[in-house]
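> My structure is below; once you've seen it, I'll send some questions.
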Amino acid sequence: MKTVRVGAGLGFYGDSWKPVAASIARGGVQYIGSDHLAELTLAILQKDRMRDPAAGYTRDLVPMLTSLWPLAQQHGVKFLLNAGGLNPEGARDALVAEFNKRGWKAKIATVTGDAVIDRIDALRAAGESLDHLDTGTAIDSVRERLLFANVYLGAQPLVRALEAGADIVLTGRVADAALFLAPLIHEFGWAADDWNRLAAGLTVGHLLECSGQGSGGNFNSYLANGWESVPDLGHIGYPIAEVSPDGTAVITKAPGTGGRVDFDTVRQQLLYEVHNPHAYFSPDVVLDMGTLKLEDLGGDRVKVSDATGRPRPEKLKIVAGYDDGWAGTATIGYCWPGAMRKARATEAIVRKQLAELKLAYDEIHTEFLGYDSLLGALADDSRIEELNEVYLKMSVRAKDRRLAEAFPRQFPWLALSGPPTASGFSGIEAPRQLLGLWPTLVKRELIEPEVKVSLQETAR
Amino acid sequence: MKRKLVEIAHARSGDKGDRCDFGLFAPDAATYAVLKREVTPERLARHFAGTASGPVELYPLDNLLALKIVLNGALSGGAARSLRSDNLGKCAAAALLRMEIET
(Lines give C-alpha, C1' and ligand atoms only; values in the text may rest on other atoms or scores of the structure.)
Protein backbone atom coordinates (compact mmCIF):
# COMPACT_ATOMS: atom_id res chain seq x y z
CA MET A 1 0.00 0.00 0.00
CA LYS A 2 1.27 3.43 -0.94
CA THR A 3 2.02 5.72 1.96
CA VAL A 4 3.14 9.34 1.84
CA ARG A 5 5.63 10.67 4.36
CA VAL A 6 5.41 14.32 5.35
CA GLY A 7 7.73 15.92 7.87
CA ALA A 8 7.67 18.99 10.07
CA GLY A 9 9.79 21.99 9.16
CA LEU A 10 9.96 25.06 11.36
CA GLY A 11 7.24 25.77 13.91
CA PHE A 12 7.82 29.54 13.97
CA TYR A 13 10.04 32.29 12.55
CA GLY A 14 13.37 31.76 14.29
CA ASP A 15 12.99 28.00 14.88
CA SER A 16 15.86 25.57 14.14
CA TRP A 17 16.08 23.68 10.84
CA LYS A 18 18.80 21.32 12.06
CA PRO A 19 16.26 18.57 12.92
CA VAL A 20 14.78 18.87 9.41
CA ALA A 21 18.07 17.58 7.97
CA ALA A 22 17.69 14.39 10.04
CA SER A 23 14.12 13.91 8.79
CA ILE A 24 15.38 14.19 5.20
CA ALA A 25 18.54 12.11 5.60
CA ARG A 26 17.12 9.30 7.77
CA GLY A 27 13.36 9.82 8.07
CA GLY A 28 12.38 9.03 4.51
CA VAL A 29 10.21 12.14 4.15
CA GLN A 30 8.94 13.20 0.73
CA TYR A 31 7.58 16.60 1.75
CA ILE A 32 8.49 19.15 4.41
CA GLY A 33 5.83 21.63 5.53
CA SER A 34 7.35 24.65 7.26
CA ASP A 35 5.32 27.11 9.33
CA HIS A 36 7.08 30.44 9.76
CA LEU A 37 4.04 32.58 10.59
CA ALA A 38 2.49 33.02 14.03
CA GLU A 39 -0.22 35.64 14.49
CA LEU A 40 2.50 38.02 15.67
CA THR A 41 4.90 37.36 12.81
CA LEU A 42 3.02 39.35 10.19
CA ALA A 43 3.39 42.41 12.40
CA ILE A 44 7.15 41.93 12.54
CA LEU A 45 7.25 41.51 8.77
CA GLN A 46 5.11 44.62 8.26
CA LYS A 47 7.73 46.65 10.17
CA ASP A 48 10.47 45.17 7.95
CA ARG A 49 8.51 46.04 4.84
CA MET A 50 7.93 49.61 5.93
CA ARG A 51 11.71 50.01 6.09
CA ASP A 52 12.38 48.12 2.83
CA PRO A 53 9.71 47.30 0.21
CA ALA A 54 11.73 44.25 -0.94
CA ALA A 55 11.47 42.76 2.58
CA GLY A 56 8.35 41.46 4.34
CA TYR A 57 9.13 37.73 4.12
CA THR A 58 10.80 35.71 6.85
CA ARG A 59 14.54 36.08 6.48
CA ASP A 60 15.26 32.51 7.58
CA LEU A 61 13.93 31.23 4.23
CA VAL A 62 17.09 31.63 2.15
CA PRO A 63 19.61 30.34 4.72
CA MET A 64 17.31 27.43 5.59
CA LEU A 65 16.86 26.27 2.02
CA THR A 66 20.47 26.98 1.13
CA SER A 67 21.44 24.68 3.97
CA LEU A 68 18.91 21.91 3.23
CA TRP A 69 18.54 21.92 -0.57
CA PRO A 70 21.52 19.74 -1.59
CA LEU A 71 20.37 17.00 0.80
CA ALA A 72 16.72 17.47 -0.18
CA GLN A 73 17.52 17.20 -3.86
CA GLN A 74 19.47 14.02 -3.29
CA HIS A 75 16.40 12.51 -1.58
CA GLY A 76 13.78 14.06 -3.86
CA VAL A 77 12.16 16.05 -1.05
CA LYS A 78 9.81 18.96 -1.76
CA PHE A 79 9.08 21.94 0.47
CA LEU A 80 5.95 23.90 1.26
CA LEU A 81 6.67 27.04 3.28
CA ASN A 82 4.58 30.03 4.33
CA ALA A 83 7.82 32.01 4.64
CA GLY A 84 6.53 34.40 1.96
CA GLY A 85 4.80 36.29 4.76
CA LEU A 86 3.60 39.64 3.44
CA ASN A 87 5.73 39.41 0.30
CA PRO A 88 5.79 35.93 -1.29
CA GLU A 89 7.10 37.35 -4.56
CA GLY A 90 9.96 39.09 -2.77
CA ALA A 91 10.74 35.81 -1.02
CA ARG A 92 10.77 34.02 -4.37
CA ASP A 93 13.04 36.64 -5.93
CA ALA A 94 15.55 36.31 -3.10
CA LEU A 95 15.48 32.52 -3.31
CA VAL A 96 15.71 32.45 -7.11
CA ALA A 97 18.71 34.79 -7.00
CA GLU A 98 20.48 32.55 -4.49
CA PHE A 99 19.70 29.33 -6.39
CA ASN A 100 20.80 30.87 -9.70
CA LYS A 101 24.04 32.04 -8.11
CA ARG A 102 24.74 28.48 -6.99
CA GLY A 103 23.55 26.94 -10.25
CA TRP A 104 20.87 24.92 -8.42
CA LYS A 105 17.94 23.78 -10.52
CA ALA A 106 14.48 24.00 -8.94
CA LYS A 107 10.88 24.86 -9.77
CA ILE A 108 9.64 27.44 -7.30
CA ALA A 109 5.93 28.19 -7.05
CA THR A 110 4.48 31.28 -5.43
CA VAL A 111 0.95 31.57 -4.04
CA THR A 112 -0.45 35.10 -3.72
CA GLY A 113 -3.84 36.64 -3.04
CA ASP A 114 -4.02 36.33 0.73
CA ALA A 115 -3.15 39.99 1.38
CA VAL A 116 -6.30 42.14 1.47
CA ILE A 117 -5.05 45.28 3.20
CA ASP A 118 -5.63 47.22 -0.04
CA ARG A 119 -9.08 45.71 -0.52
CA ILE A 120 -10.72 46.53 2.83
CA ASP A 121 -13.03 49.19 1.40
CA ALA A 122 -13.82 47.07 -1.67
CA LEU A 123 -14.73 44.09 0.54
CA ARG A 124 -17.00 46.29 2.62
CA ALA A 125 -18.59 47.67 -0.53
CA ALA A 126 -19.19 44.06 -1.57
CA GLY A 127 -21.25 43.59 1.57
CA GLU A 128 -18.75 42.28 4.13
CA SER A 129 -19.00 44.05 7.49
CA LEU A 130 -15.55 42.87 8.66
CA ASP A 131 -16.83 43.23 12.24
CA HIS A 132 -14.57 41.72 14.91
CA LEU A 133 -15.26 37.97 15.00
CA ASP A 134 -15.39 37.71 18.80
CA THR A 135 -16.65 41.08 19.99
CA GLY A 136 -18.78 42.18 17.02
CA THR A 137 -17.16 45.64 17.12
CA ALA A 138 -17.27 47.58 13.84
CA ILE A 139 -13.97 47.83 11.99
CA ASP A 140 -14.24 51.64 11.78
CA SER A 141 -12.73 51.81 15.27
CA VAL A 142 -9.38 50.57 13.93
CA ARG A 143 -9.70 51.22 10.17
CA GLU A 144 -7.12 54.01 10.09
CA ARG A 145 -4.65 52.06 12.21
CA LEU A 146 -4.63 48.82 10.20
CA LEU A 147 -1.12 47.63 9.32
CA PHE A 148 -1.90 44.39 7.51
CA ALA A 149 -4.86 42.13 6.71
CA ASN A 150 -4.42 38.60 5.39
CA VAL A 151 -6.80 35.77 4.64
CA TYR A 152 -6.03 32.24 5.81
CA LEU A 153 -6.01 30.38 2.49
CA GLY A 154 -6.57 26.63 2.30
CA ALA A 155 -4.67 23.78 0.68
CA GLN A 156 -6.10 23.98 -2.85
CA PRO A 157 -3.75 26.63 -4.32
CA LEU A 158 -0.80 24.65 -2.90
CA VAL A 159 -2.16 21.51 -4.55
CA ARG A 160 -2.25 23.40 -7.87
CA ALA A 161 1.38 24.40 -7.34
CA LEU A 162 2.40 20.77 -6.76
CA GLU A 163 0.41 19.66 -9.80
CA ALA A 164 2.37 22.20 -11.84
CA GLY A 165 5.54 20.40 -10.77
CA ALA A 166 6.81 22.73 -8.04
CA ASP A 167 9.74 21.57 -5.90
CA ILE A 168 9.32 24.48 -3.51
CA VAL A 169 5.98 26.16 -2.79
CA LEU A 170 6.14 29.62 -1.20
CA THR A 171 3.02 31.13 0.31
CA GLY A 172 1.92 34.00 2.48
CA ARG A 173 -0.80 33.47 5.07
CA VAL A 174 -2.31 30.02 4.66
CA ALA A 175 -3.80 27.81 7.35
CA ASP A 176 -0.75 26.23 9.00
CA ALA A 177 -2.06 22.71 8.45
CA ALA A 178 -2.61 23.39 4.71
CA LEU A 179 1.18 23.08 4.27
CA PHE A 180 0.82 19.38 5.15
CA LEU A 181 -2.68 18.71 3.84
CA ALA A 182 -1.79 19.89 0.32
CA PRO A 183 0.76 17.15 -0.49
CA LEU A 184 -1.68 14.50 0.80
CA ILE A 185 -4.48 15.79 -1.45
CA HIS A 186 -2.00 15.94 -4.32
CA GLU A 187 -0.61 12.41 -3.81
CA PHE A 188 -3.88 10.62 -3.00
CA GLY A 189 -6.22 12.62 -5.21
CA TRP A 190 -8.64 13.23 -2.32
CA ALA A 191 -11.75 15.05 -3.53
CA ALA A 192 -12.45 18.56 -2.25
CA ASP A 193 -15.56 17.20 -0.48
CA ASP A 194 -14.07 13.98 0.91
CA TRP A 195 -14.58 15.42 4.38
CA ASN A 196 -13.35 12.51 6.52
CA ARG A 197 -10.08 12.15 4.62
CA LEU A 198 -9.52 15.91 4.54
CA ALA A 199 -10.15 15.93 8.30
CA ALA A 200 -7.55 13.18 8.69
CA GLY A 201 -5.08 15.29 6.69
CA LEU A 202 -5.91 18.34 8.80
CA THR A 203 -5.19 16.29 11.93
CA VAL A 204 -1.78 15.33 10.51
CA GLY A 205 -1.05 18.97 9.70
CA HIS A 206 -2.06 20.12 13.16
CA LEU A 207 0.22 17.51 14.76
CA LEU A 208 3.19 18.62 12.63
CA GLU A 209 2.81 22.41 12.44
CA CYS A 210 4.53 23.14 15.76
CA SER A 211 7.79 21.28 15.04
CA GLY A 212 9.22 19.70 18.22
CA GLN A 213 6.02 20.19 20.22
CA GLY A 214 4.71 17.13 18.38
CA SER A 215 7.63 14.93 19.41
CA GLY A 216 8.33 15.60 23.07
CA GLY A 217 9.33 19.26 23.13
CA ASN A 218 7.60 21.55 25.65
CA PHE A 219 6.09 18.40 27.14
CA ASN A 220 4.39 19.81 30.20
CA SER A 221 4.16 16.73 32.38
CA TYR A 222 5.62 16.13 35.84
CA LEU A 223 4.44 12.52 36.14
CA ALA A 224 6.73 9.47 36.08
CA ASN A 225 7.11 9.67 32.29
CA GLY A 226 7.22 13.48 32.38
CA TRP A 227 9.44 15.97 30.59
CA GLU A 228 12.62 14.97 32.37
CA SER A 229 12.36 11.45 30.94
CA VAL A 230 12.22 12.69 27.32
CA PRO A 231 15.59 11.74 25.85
CA ASP A 232 18.12 14.07 24.23
CA LEU A 233 16.11 17.24 23.57
CA GLY A 234 19.34 18.73 22.25
CA HIS A 235 19.01 16.50 19.19
CA ILE A 236 15.22 16.35 18.98
CA GLY A 237 13.70 14.81 15.86
CA TYR A 238 10.74 16.77 14.48
CA PRO A 239 7.57 14.74 13.91
CA ILE A 240 7.00 12.83 10.69
CA ALA A 241 3.68 11.37 9.50
CA GLU A 242 3.37 8.22 7.37
CA VAL A 243 -0.04 8.64 5.84
CA SER A 244 -2.14 5.96 4.13
CA PRO A 245 -4.63 6.66 1.33
CA ASP A 246 -7.57 6.45 3.76
CA GLY A 247 -6.02 9.17 5.92
CA THR A 248 -4.82 6.88 8.70
CA ALA A 249 -1.41 8.10 9.83
CA VAL A 250 1.48 6.96 11.97
CA ILE A 251 3.27 9.81 13.71
CA THR A 252 6.96 9.08 14.22
CA LYS A 253 10.40 10.74 13.91
CA ALA A 254 13.75 9.97 12.32
CA PRO A 255 15.76 7.13 13.89
CA GLY A 256 18.61 8.18 16.14
CA THR A 257 17.06 11.51 17.10
CA GLY A 258 16.02 12.75 20.54
CA GLY A 259 12.56 13.57 21.77
CA ARG A 260 9.69 11.13 22.12
CA VAL A 261 6.59 10.27 20.13
CA ASP A 262 4.04 8.51 22.31
CA PHE A 263 0.36 8.74 23.26
CA ASP A 264 1.09 11.56 25.74
CA THR A 265 3.31 13.80 23.62
CA VAL A 266 1.00 13.41 20.61
CA ARG A 267 -2.23 14.18 22.47
CA GLN A 268 -0.65 17.26 24.13
CA GLN A 269 -0.05 18.63 20.64
CA LEU A 270 -3.41 17.44 19.31
CA LEU A 271 -5.35 19.74 21.64
CA TYR A 272 -2.86 22.63 21.47
CA GLU A 273 -4.46 25.96 20.55
CA VAL A 274 -7.73 24.28 19.72
CA HIS A 275 -10.95 25.94 20.86
CA ASN A 276 -13.96 23.65 20.35
CA PRO A 277 -12.44 20.21 19.59
CA HIS A 278 -15.68 19.14 17.91
CA ALA A 279 -15.45 21.99 15.40
CA TYR A 280 -11.81 22.70 14.57
CA PHE A 281 -12.10 25.04 11.62
CA SER A 282 -9.86 25.21 8.59
CA PRO A 283 -10.54 26.63 5.13
CA ASP A 284 -10.77 23.08 3.71
CA VAL A 285 -12.78 21.13 6.27
CA VAL A 286 -14.12 21.25 9.82
CA LEU A 287 -12.62 18.54 12.02
CA ASP A 288 -14.37 16.78 14.91
CA MET A 289 -11.68 15.36 17.20
CA GLY A 290 -14.27 13.47 19.24
CA THR A 291 -13.99 10.31 17.13
CA LEU A 292 -10.20 10.27 16.74
CA LYS A 293 -8.33 7.15 17.87
CA LEU A 294 -4.73 7.35 19.05
CA GLU A 295 -2.92 4.05 19.38
CA ASP A 296 0.60 3.92 20.83
CA LEU A 297 2.47 1.31 18.77
CA GLY A 298 5.69 1.70 20.79
CA GLY A 299 9.08 2.59 19.35
CA ASP A 300 8.15 6.26 18.83
CA ARG A 301 5.14 5.40 16.68
CA VAL A 302 1.55 6.51 17.30
CA LYS A 303 -1.28 5.57 14.96
CA VAL A 304 -3.93 8.25 14.42
CA SER A 305 -7.24 7.26 12.80
CA ASP A 306 -10.99 7.83 12.61
CA ALA A 307 -11.12 11.58 12.07
CA THR A 308 -14.57 12.95 11.31
CA GLY A 309 -14.89 15.81 8.86
CA ARG A 310 -17.73 18.19 8.16
CA PRO A 311 -18.15 20.49 5.15
CA ARG A 312 -15.76 23.41 4.91
CA PRO A 313 -16.99 26.80 6.18
CA GLU A 314 -18.67 29.23 3.78
CA LYS A 315 -16.43 32.03 4.95
CA LEU A 316 -12.68 32.37 5.27
CA LYS A 317 -10.92 33.94 8.24
CA ILE A 318 -8.99 37.17 7.95
CA VAL A 319 -6.43 38.19 10.53
CA ALA A 320 -5.70 41.90 10.49
CA GLY A 321 -3.32 43.79 12.74
CA TYR A 322 -3.60 47.39 13.91
CA ASP A 323 -1.34 49.81 15.70
CA ASP A 324 -2.27 49.63 19.37
CA GLY A 325 0.26 52.01 20.89
CA TRP A 326 3.66 51.54 22.46
CA ALA A 327 5.11 49.76 25.46
CA GLY A 328 7.89 51.15 27.65
CA THR A 329 9.61 48.76 30.04
CA ALA A 330 12.17 48.83 32.83
CA THR A 331 13.55 46.05 35.02
CA ILE A 332 15.56 46.43 38.23
CA GLY A 333 16.65 43.77 40.72
CA TYR A 334 16.90 43.44 44.52
CA CYS A 335 18.41 40.70 46.68
CA TRP A 336 17.68 39.23 50.09
CA PRO A 337 16.96 40.37 52.76
CA GLY A 338 13.47 41.62 52.02
CA ALA A 339 13.87 41.50 48.24
CA MET A 340 10.12 41.73 47.63
CA ARG A 341 9.67 44.58 50.12
CA LYS A 342 12.35 46.59 48.33
CA ALA A 343 10.92 45.84 44.90
CA ARG A 344 7.42 46.82 46.04
CA ALA A 345 8.71 50.02 47.63
CA THR A 346 10.38 50.93 44.33
CA GLU A 347 7.16 50.28 42.44
CA ALA A 348 5.31 52.63 44.79
CA ILE A 349 7.95 55.34 44.38
CA VAL A 350 7.82 55.08 40.59
CA ARG A 351 4.01 55.21 40.49
CA LYS A 352 4.00 58.31 42.72
CA GLN A 353 6.66 59.93 40.59
CA LEU A 354 4.67 59.30 37.39
CA ALA A 355 1.67 61.00 38.98
CA GLU A 356 3.74 64.00 40.10
CA LEU A 357 5.27 64.35 36.63
CA LYS A 358 1.80 63.97 35.09
CA LEU A 359 2.99 61.12 32.90
CA ALA A 360 -0.40 59.56 32.17
CA TYR A 361 -0.23 56.03 30.80
CA ASP A 362 -3.14 53.96 29.53
CA GLU A 363 -1.95 51.00 31.58
CA ILE A 364 0.80 50.30 34.11
CA HIS A 365 1.62 46.61 34.52
CA THR A 366 3.87 45.34 37.30
CA GLU A 367 5.51 41.92 37.60
CA PHE A 368 8.08 40.58 40.03
CA LEU A 369 10.49 38.31 38.16
CA GLY A 370 11.36 35.36 40.37
CA TYR A 371 7.99 35.59 42.09
CA ASP A 372 4.93 36.11 39.87
CA SER A 373 5.88 37.18 36.34
CA LEU A 374 4.82 33.87 34.80
CA LEU A 375 2.04 32.68 37.11
CA GLY A 376 0.49 36.07 37.90
CA ALA A 377 -2.34 35.96 40.42
CA LEU A 378 -1.78 32.20 40.85
CA ALA A 379 1.75 32.57 42.24
CA ASP A 380 2.29 31.00 45.67
CA ASP A 381 3.12 33.75 48.20
CA SER A 382 3.90 31.52 51.18
CA ARG A 383 7.69 32.05 51.07
CA ILE A 384 7.67 35.58 49.80
CA GLU A 385 9.81 36.99 52.65
CA GLU A 386 12.62 34.50 52.00
CA LEU A 387 13.17 34.99 48.27
CA ASN A 388 16.87 35.25 47.40
CA GLU A 389 16.21 37.86 44.77
CA VAL A 390 13.43 39.59 42.87
CA TYR A 391 13.43 41.75 39.76
CA LEU A 392 10.79 44.45 39.53
CA LYS A 393 9.56 44.67 35.95
CA MET A 394 7.24 47.55 35.13
CA SER A 395 5.67 48.12 31.72
CA VAL A 396 3.44 50.91 30.50
CA ARG A 397 1.16 51.34 27.52
CA ALA A 398 0.93 54.70 25.72
CA LYS A 399 -0.51 55.88 22.41
CA ASP A 400 2.45 58.18 21.93
CA ARG A 401 5.86 56.64 21.27
CA ARG A 402 7.74 59.38 23.15
CA LEU A 403 5.62 58.92 26.23
CA ALA A 404 6.51 55.21 26.27
CA GLU A 405 10.16 56.11 25.71
CA ALA A 406 10.12 58.42 28.76
CA PHE A 407 9.21 55.59 31.13
CA PRO A 408 12.55 53.79 31.69
CA ARG A 409 14.19 57.19 32.28
CA GLN A 410 12.40 57.31 35.64
CA PHE A 411 14.61 54.51 37.01
CA PRO A 412 18.40 55.18 36.95
CA TRP A 413 18.41 57.56 39.97
CA LEU A 414 16.97 54.75 42.11
CA ALA A 415 20.35 52.97 42.01
CA LEU A 416 21.90 55.40 44.50
CA SER A 417 18.89 57.11 46.01
CA GLY A 418 16.26 54.37 46.32
CA PRO A 419 15.87 51.21 48.43
CA PRO A 420 19.15 49.29 48.98
CA THR A 421 20.81 46.66 46.77
CA ALA A 422 19.35 47.83 43.43
CA SER A 423 21.19 45.88 40.73
CA GLY A 424 20.82 44.65 37.19
CA PHE A 425 18.93 47.64 35.77
CA SER A 426 17.85 46.83 32.21
CA GLY A 427 18.88 50.25 30.89
CA ILE A 428 16.97 52.72 28.76
CA GLU A 429 15.31 50.29 26.38
CA ALA A 430 13.68 51.50 23.18
CA PRO A 431 9.88 51.30 23.25
CA ARG A 432 8.17 48.39 21.54
CA GLN A 433 5.19 48.77 19.23
CA LEU A 434 2.04 47.02 20.36
CA LEU A 435 -0.34 45.41 17.98
CA GLY A 436 -4.01 44.64 18.21
CA LEU A 437 -5.29 41.72 16.20
CA TRP A 438 -8.59 41.87 14.34
CA PRO A 439 -9.98 38.47 13.38
CA THR A 440 -12.92 38.63 10.99
CA LEU A 441 -14.63 36.67 8.22
CA VAL A 442 -15.03 37.11 4.48
CA LYS A 443 -16.93 35.21 1.78
CA ARG A 444 -14.58 32.88 -0.06
CA GLU A 445 -16.03 33.97 -3.42
CA LEU A 446 -14.51 37.40 -2.86
CA ILE A 447 -11.05 35.97 -2.22
CA GLU A 448 -10.48 32.79 -4.20
CA PRO A 449 -10.68 34.32 -7.72
CA GLU A 450 -7.78 36.60 -6.73
CA VAL A 451 -5.54 33.75 -5.58
CA LYS A 452 -2.75 33.17 -8.09
CA VAL A 453 -0.15 30.44 -8.43
CA SER A 454 2.94 31.18 -10.50
CA LEU A 455 5.97 29.03 -11.27
CA GLN A 456 9.56 30.01 -11.88
CA GLU A 457 12.55 27.80 -12.73
CA THR A 458 16.09 28.45 -11.57
CA ALA A 459 19.35 27.62 -13.38
CA ARG A 460 17.57 26.94 -16.68
CA MET B 1 -7.88 12.96 49.72
CA LYS B 2 -6.87 16.37 48.41
CA ARG B 3 -4.27 16.35 45.64
CA LYS B 4 -2.81 18.85 43.23
CA LEU B 5 -3.54 18.13 39.57
CA VAL B 6 0.21 18.13 38.85
CA GLU B 7 0.47 14.83 40.76
CA ILE B 8 -2.13 12.99 38.67
CA ALA B 9 -2.38 14.70 35.24
CA HIS B 10 -0.49 16.74 32.65
CA ALA B 11 -1.44 19.80 30.64
CA ARG B 12 -0.37 22.18 27.86
CA SER B 13 -1.72 25.67 27.26
CA GLY B 14 -1.59 28.17 24.42
CA ASP B 15 -3.23 31.28 22.99
CA LYS B 16 -5.69 32.32 20.31
CA GLY B 17 -6.36 36.03 20.46
CA ASP B 18 -7.60 36.86 23.95
CA ARG B 19 -8.42 33.21 24.75
CA CYS B 20 -6.17 30.93 26.71
CA ASP B 21 -6.78 27.25 26.03
CA PHE B 22 -5.66 24.12 27.83
CA GLY B 23 -5.53 20.40 27.25
CA LEU B 24 -5.65 18.49 30.56
CA PHE B 25 -4.71 14.82 30.24
CA ALA B 26 -5.29 11.82 32.51
CA PRO B 27 -2.92 8.85 32.45
CA ASP B 28 -5.76 6.30 32.81
CA ALA B 29 -9.54 5.92 32.76
CA ALA B 30 -9.92 6.05 36.56
CA THR B 31 -8.07 9.36 36.80
CA TYR B 32 -10.04 10.68 33.85
CA ALA B 33 -13.28 9.94 35.71
CA VAL B 34 -11.95 11.95 38.67
CA LEU B 35 -11.00 14.87 36.41
CA LYS B 36 -14.44 14.86 34.79
CA ARG B 37 -16.11 14.89 38.20
CA GLU B 38 -13.89 17.52 39.87
CA VAL B 39 -12.64 19.87 37.16
CA THR B 40 -15.92 21.63 36.43
CA PRO B 41 -16.41 25.04 34.80
CA GLU B 42 -17.44 26.44 38.20
CA ARG B 43 -14.33 25.08 39.90
CA LEU B 44 -12.13 26.42 37.10
CA ALA B 45 -13.76 29.84 37.28
CA ARG B 46 -12.94 29.97 41.00
CA HIS B 47 -9.35 28.80 40.48
CA PHE B 48 -8.69 31.39 37.78
CA ALA B 49 -10.73 34.15 39.45
CA GLY B 50 -9.41 37.59 38.58
CA THR B 51 -7.37 36.36 35.61
CA ALA B 52 -10.13 35.93 32.99
CA SER B 53 -12.94 38.31 32.12
CA GLY B 54 -15.06 35.87 30.12
CA PRO B 55 -16.70 32.49 30.68
CA VAL B 56 -14.97 29.12 31.00
CA GLU B 57 -15.68 26.48 28.36
CA LEU B 58 -15.10 22.78 28.98
CA TYR B 59 -15.12 19.94 26.45
CA PRO B 60 -14.54 16.39 27.74
CA LEU B 61 -12.91 14.04 25.20
CA ASP B 62 -13.43 10.46 26.36
CA ASN B 63 -11.45 9.13 23.38
CA LEU B 64 -8.32 11.00 24.53
CA LEU B 65 -8.91 10.81 28.32
CA ALA B 66 -8.64 14.57 28.17
CA LEU B 67 -10.47 17.78 29.01
CA LYS B 68 -10.27 20.75 26.66
CA ILE B 69 -10.59 23.96 28.66
CA VAL B 70 -10.95 27.48 27.25
CA LEU B 71 -10.66 30.65 29.33
CA ASN B 72 -12.12 33.62 27.50
CA GLY B 73 -10.71 37.11 28.03
CA ALA B 74 -7.63 35.73 29.76
CA LEU B 75 -4.69 37.25 27.87
CA SER B 76 -5.00 41.03 28.33
CA GLY B 77 -6.43 41.48 24.84
CA GLY B 78 -4.00 39.11 23.12
CA ALA B 79 -0.31 38.32 22.88
CA ALA B 80 0.70 41.15 20.54
CA ARG B 81 -0.76 43.95 22.70
CA SER B 82 -0.19 42.45 26.13
CA LEU B 83 2.39 43.82 28.58
CA ARG B 84 2.77 40.44 30.31
CA SER B 85 5.93 38.34 30.29
CA ASP B 86 3.86 35.22 29.61
CA ASN B 87 1.93 36.91 26.83
CA LEU B 88 1.29 33.58 25.08
CA GLY B 89 -0.22 31.87 28.10
CA LYS B 90 2.39 29.11 28.05
CA CYS B 91 2.56 28.97 31.84
CA ALA B 92 -1.19 28.97 32.38
CA ALA B 93 -1.13 25.16 32.20
CA ALA B 94 1.23 25.11 35.17
CA ALA B 95 -1.19 27.34 37.05
CA LEU B 96 -3.94 24.84 36.22
CA LEU B 97 -1.82 21.94 37.49
CA ARG B 98 -1.60 23.73 40.83
CA MET B 99 -5.33 23.33 41.34
CA GLU B 100 -6.26 21.09 44.27
CA ILE B 101 -9.02 18.54 43.87
CA GLU B 102 -10.65 15.79 45.92
CA THR B 103 -9.52 12.41 44.57
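If you're wondering about the labels, chains in the C-alpha coordinates are A, B, ... by order shown, residues count from 1 in each chain, ligands from 1 in order shown.
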Could you pull out the strand (DSSP E) residues of chain B from DSSP and send them as a PyMOL selection string?
chain B and resi 2-4+10-16+19-25+56-61+66-71+100-102
> Please, which residues of chain A lie no more than 9 Å from chain B when the count uses only C-alpha atoms, and can they be set out as a PyMOL selection string?
chain A and resi 39-40+43+218-223+226+264+267-278+289-294+324-327+329+363-367+373-379+394-397+433-439
> With a distance cut-off of 10 Å and only C-alpha atoms, select the neighbouring residues of Val34 (chain B), excluding the residue or stretch itself and same-chain residues fewer than 5 positions from it, and output the selection as number ranges by chain.
B: 8, 26, 29, 39, 101-103
> List every residue of region 232-413 of chain A that DSSP, applied to the backbone of this structure, places in helix (DSSP H, G or I), and write the result as a ChimeraX atom specification.
/A:233-235,263-270,289-291,339-356,376-378,384-386,401-410
> Out of A:Val261, A:Ala191, A:Leu123, A:Leu80, which residue has the shortest atom-to-atom distance to Ala166 (chain A) when counting only C-alpha atoms?
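Closest to Ala166 (chain A) of all the choices is A:Leu80.
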> Could you check which of A:Thr135, A:Gln30, A:Ser211, A:Ser16 is closest to Gly54 (chain B), using only C-alpha atoms?
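Counting only C-alpha atoms, the residue closest to Gly54 (chain B) is A:Thr135.
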> What does the distance between CA of Val29 (chain A) and CA of Gly76 (chain A) come to in Å, to one decimal place?
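So the two atoms, CA of Val29 (chain A) and CA of Gly76 (chain A), lie 9.0 Å apart.
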> Please provide as JSON, numbers by chain all residues within 12 Å of Asp60 (chain A), with the sequence filter that same-chain residues fewer than 6 positions apart are discarded (counting only C-alpha atoms).
{"A": [9, 10, 12, 13, 14, 15, 16, 17, 34, 35, 36, 37, 66, 67, 81, 82, 83, 84, 85, 91, 94, 95]}
> For CA of Arg59 (chain A) and CA of Thr41 (chain A), quote the distance in Å rounded to one decimal.
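Value for the CA of Arg59 (chain A)-CA of Thr41 (chain A) distance: 11.6 Å.
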> Could you tell me which of A:Gly309, A:Pro337, A:Pro420, A:Gly427 comes closest to Glu386 (chain A) if we count only C-alpha atoms?
A:Pro337
